[in-house]
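Shown here: start.pdb, PDB, C-alpha atoms, pLDDT in the B column.
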```
ATOM      1  CA  MET A  23       0.000   0.000   0.000  1.00 64.00           C
ATOM      2  CA  ASN A  24       1.515   3.294  -1.036  1.00 71.00           C
ATOM      3  CA  LEU A  25       0.006   5.902   1.283  1.00 68.00           C
ATOM      4  CA  GLU A  26       2.298   8.593  -0.068  1.00 69.00           C
ATOM      5  CA  SER A  27       0.628   8.340  -3.499  1.00 71.00           C
ATOM      6  CA  TYR A  28      -2.364  10.248  -2.099  1.00 68.00           C
ATOM      7  CA  GLY A  29      -0.395  13.470  -2.250  1.00 72.00           C
ATOM      8  CA  GLY A  30       0.268  13.624   1.480  1.00 68.00           C
ATOM      9  CA  HIS A  31      -3.365  14.232   2.448  1.00 76.00           C
ATOM     10  CA  GLU A  32      -3.227  14.223   6.272  1.00 80.00           C
ATOM     11  CA  THR A  33      -6.422  12.241   6.816  1.00 80.00           C
ATOM     12  CA  VAL A  34      -5.373   9.489   4.441  1.00 77.00           C
ATOM     13  CA  LEU A  35      -1.896   9.295   5.943  1.00 81.00           C
ATOM     14  CA  CYS A  36      -3.106   9.226   9.555  1.00 85.00           C
ATOM     15  CA  GLU A  37      -5.839   6.650   8.932  1.00 86.00           C
ATOM     16  CA  GLY A  38      -3.648   4.598   6.623  1.00 84.00           C
ATOM     17  CA  TYR A  39      -0.758   4.350   9.047  1.00 87.00           C
ATOM     18  CA  ALA A  40      -3.170   3.604  11.920  1.00 90.00           C
ATOM     19  CA  LEU A  41      -4.625   0.778   9.830  1.00 90.00           C
ATOM     20  CA  LEU A  42      -1.160  -0.592   9.077  1.00 89.00           C
ATOM     21  CA  ASP A  43      -0.278  -0.492  12.794  1.00 90.00           C
ATOM     22  CA  ARG A  44      -3.512  -2.325  13.627  1.00 90.00           C
ATOM     23  CA  CYS A  45      -2.809  -4.998  11.003  1.00 88.00           C
ATOM     24  CA  GLU A  46       0.698  -5.454  12.388  1.00 89.00           C
ATOM     25  CA  SER A  47      -0.546  -5.872  15.961  1.00 85.00           C
ATOM     26  CA  LEU A  48      -3.160  -8.385  14.820  1.00 83.00           C
ATOM     27  CA  ARG A  49      -0.515 -10.333  12.912  1.00 83.00           C
ATOM     28  CA  GLU A  50       1.784 -10.418  15.944  1.00 81.00           C
ATOM     29  CA  GLY A  51      -1.012 -11.700  18.157  1.00 74.00           C
ATOM     30  CA  ALA A  52      -2.130 -14.395  15.735  1.00 75.00           C
ATOM     31  CA  GLY A  53      -2.137 -17.896  17.067  1.00 75.00           C
ATOM     32  CA  THR A  54      -2.958 -21.294  15.742  1.00 78.00           C
ATOM     33  CA  ALA A  55      -6.293 -22.985  16.057  1.00 79.00           C
ATOM     34  CA  ARG A  56      -6.456 -26.516  17.385  1.00 81.00           C
ATOM     35  CA  THR A  57      -9.278 -28.994  17.455  1.00 84.00           C
ATOM     36  CA  GLY A  58      -9.839 -31.621  20.075  1.00 83.00           C
ATOM     37  CA  GLU A  59     -12.972 -33.639  20.732  1.00 84.00           C
ATOM     38  CA  GLY A  60     -15.004 -31.351  18.487  1.00 82.00           C
ATOM     39  CA  VAL A  61     -13.838 -28.156  20.242  1.00 85.00           C
ATOM     40  CA  ILE A  62     -11.808 -25.432  18.535  1.00 79.00           C
ATOM     41  CA  THR A  63      -9.299 -23.608  20.743  1.00 80.00           C
ATOM     42  CA  PHE A  64      -7.139 -20.636  19.810  1.00 75.00           C
ATOM     43  CA  GLY A  65      -3.663 -19.829  21.063  1.00 67.00           C
ATOM     44  CA  SER A  66      -3.420 -22.751  23.436  1.00 47.00           C
ATOM     45  CA  PRO A  67       0.037 -24.358  23.417  1.00 53.00           C
ATOM     46  CA  THR A  68      -1.430 -27.733  24.384  1.00 55.00           C
ATOM     47  CA  PRO A  69      -4.696 -29.366  23.399  1.00 55.00           C
ATOM     48  CA  PRO A  70      -7.447 -29.400  26.039  1.00 56.00           C
ATOM     49  CA  ALA A  71      -7.380 -32.313  28.462  1.00 64.00           C
ATOM     50  CA  ALA A  72      -9.839 -35.111  27.783  1.00 65.00           C
ATOM     51  CA  THR A  73     -12.659 -35.496  30.269  1.00 62.00           C
ATOM     52  CA  PRO A  74     -13.136 -39.005  31.696  1.00 58.00           C
TER      53      PRO A  74
END
```
What is this file in C-alpha cells?
Amino acid sequence: MNLESYGGHETVLCEGYALLDRCESLREGAGTARTGEGVITFGSPTPPAATP
C-alpha cells in the first residue's frame, strides 16, 4: 500500500498508518487454532485435556 501516493493528504496518511499499525498488531497476536474432541481452541500451546 503506497500511502504517499495520495499526495500527502493528512487524513489518508493518519488513517492509513493507523490501519497498518492495527494490522501489524493483529498479525503479531495471531495464534494457531487446534481442534480436540469437536472443540476449537485458539492460542493454546497444548490441546485441552480429555474429560473421563
- Suppose you want the space between CA of Ala40 (chain A) and CA of Gly53 (chain A); what is it in Å?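 If I compute the distance from CA of Ala40 (chain A) to CA of Gly53 (chain A), I get 22.1 Å.
One finds CA of Ile62 (chain A) at 28.1 Å from CA of Asp43 (chain A).
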Neighbours of point (-3.5, -20.0, 17.3) within 6 Å, using only C-alpha atoms, written as a short mmCIF file (atom, residue, chain, number, x, y, z; two decimals) with C-alpha atoms, in the coordinates of the input:
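Written out: point.cif:
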```
data_model
loop_
_atom_site.label_atom_id
_atom_site.label_comp_id
_atom_site.auth_asym_id
_atom_site.auth_seq_id
_atom_site.Cartn_x
_atom_site.Cartn_y
_atom_site.Cartn_z
CA ALA A 52 -2.13 -14.40 15.74
CA GLY A 53 -2.14 -17.90 17.07
CA THR A 54 -2.96 -21.29 15.74
CA ALA A 55 -6.29 -22.98 16.06
CA PHE A 64 -7.14 -20.64 19.81
CA GLY A 65 -3.66 -19.83 21.06
#
```
- CA of Leu48 (chain A) to CA of Glu32 (chain A), distance in Å rounded to a single decimal: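 For CA of Leu48 (chain A) relative to CA of Glu32 (chain A), the distance reads 24.2 Å.
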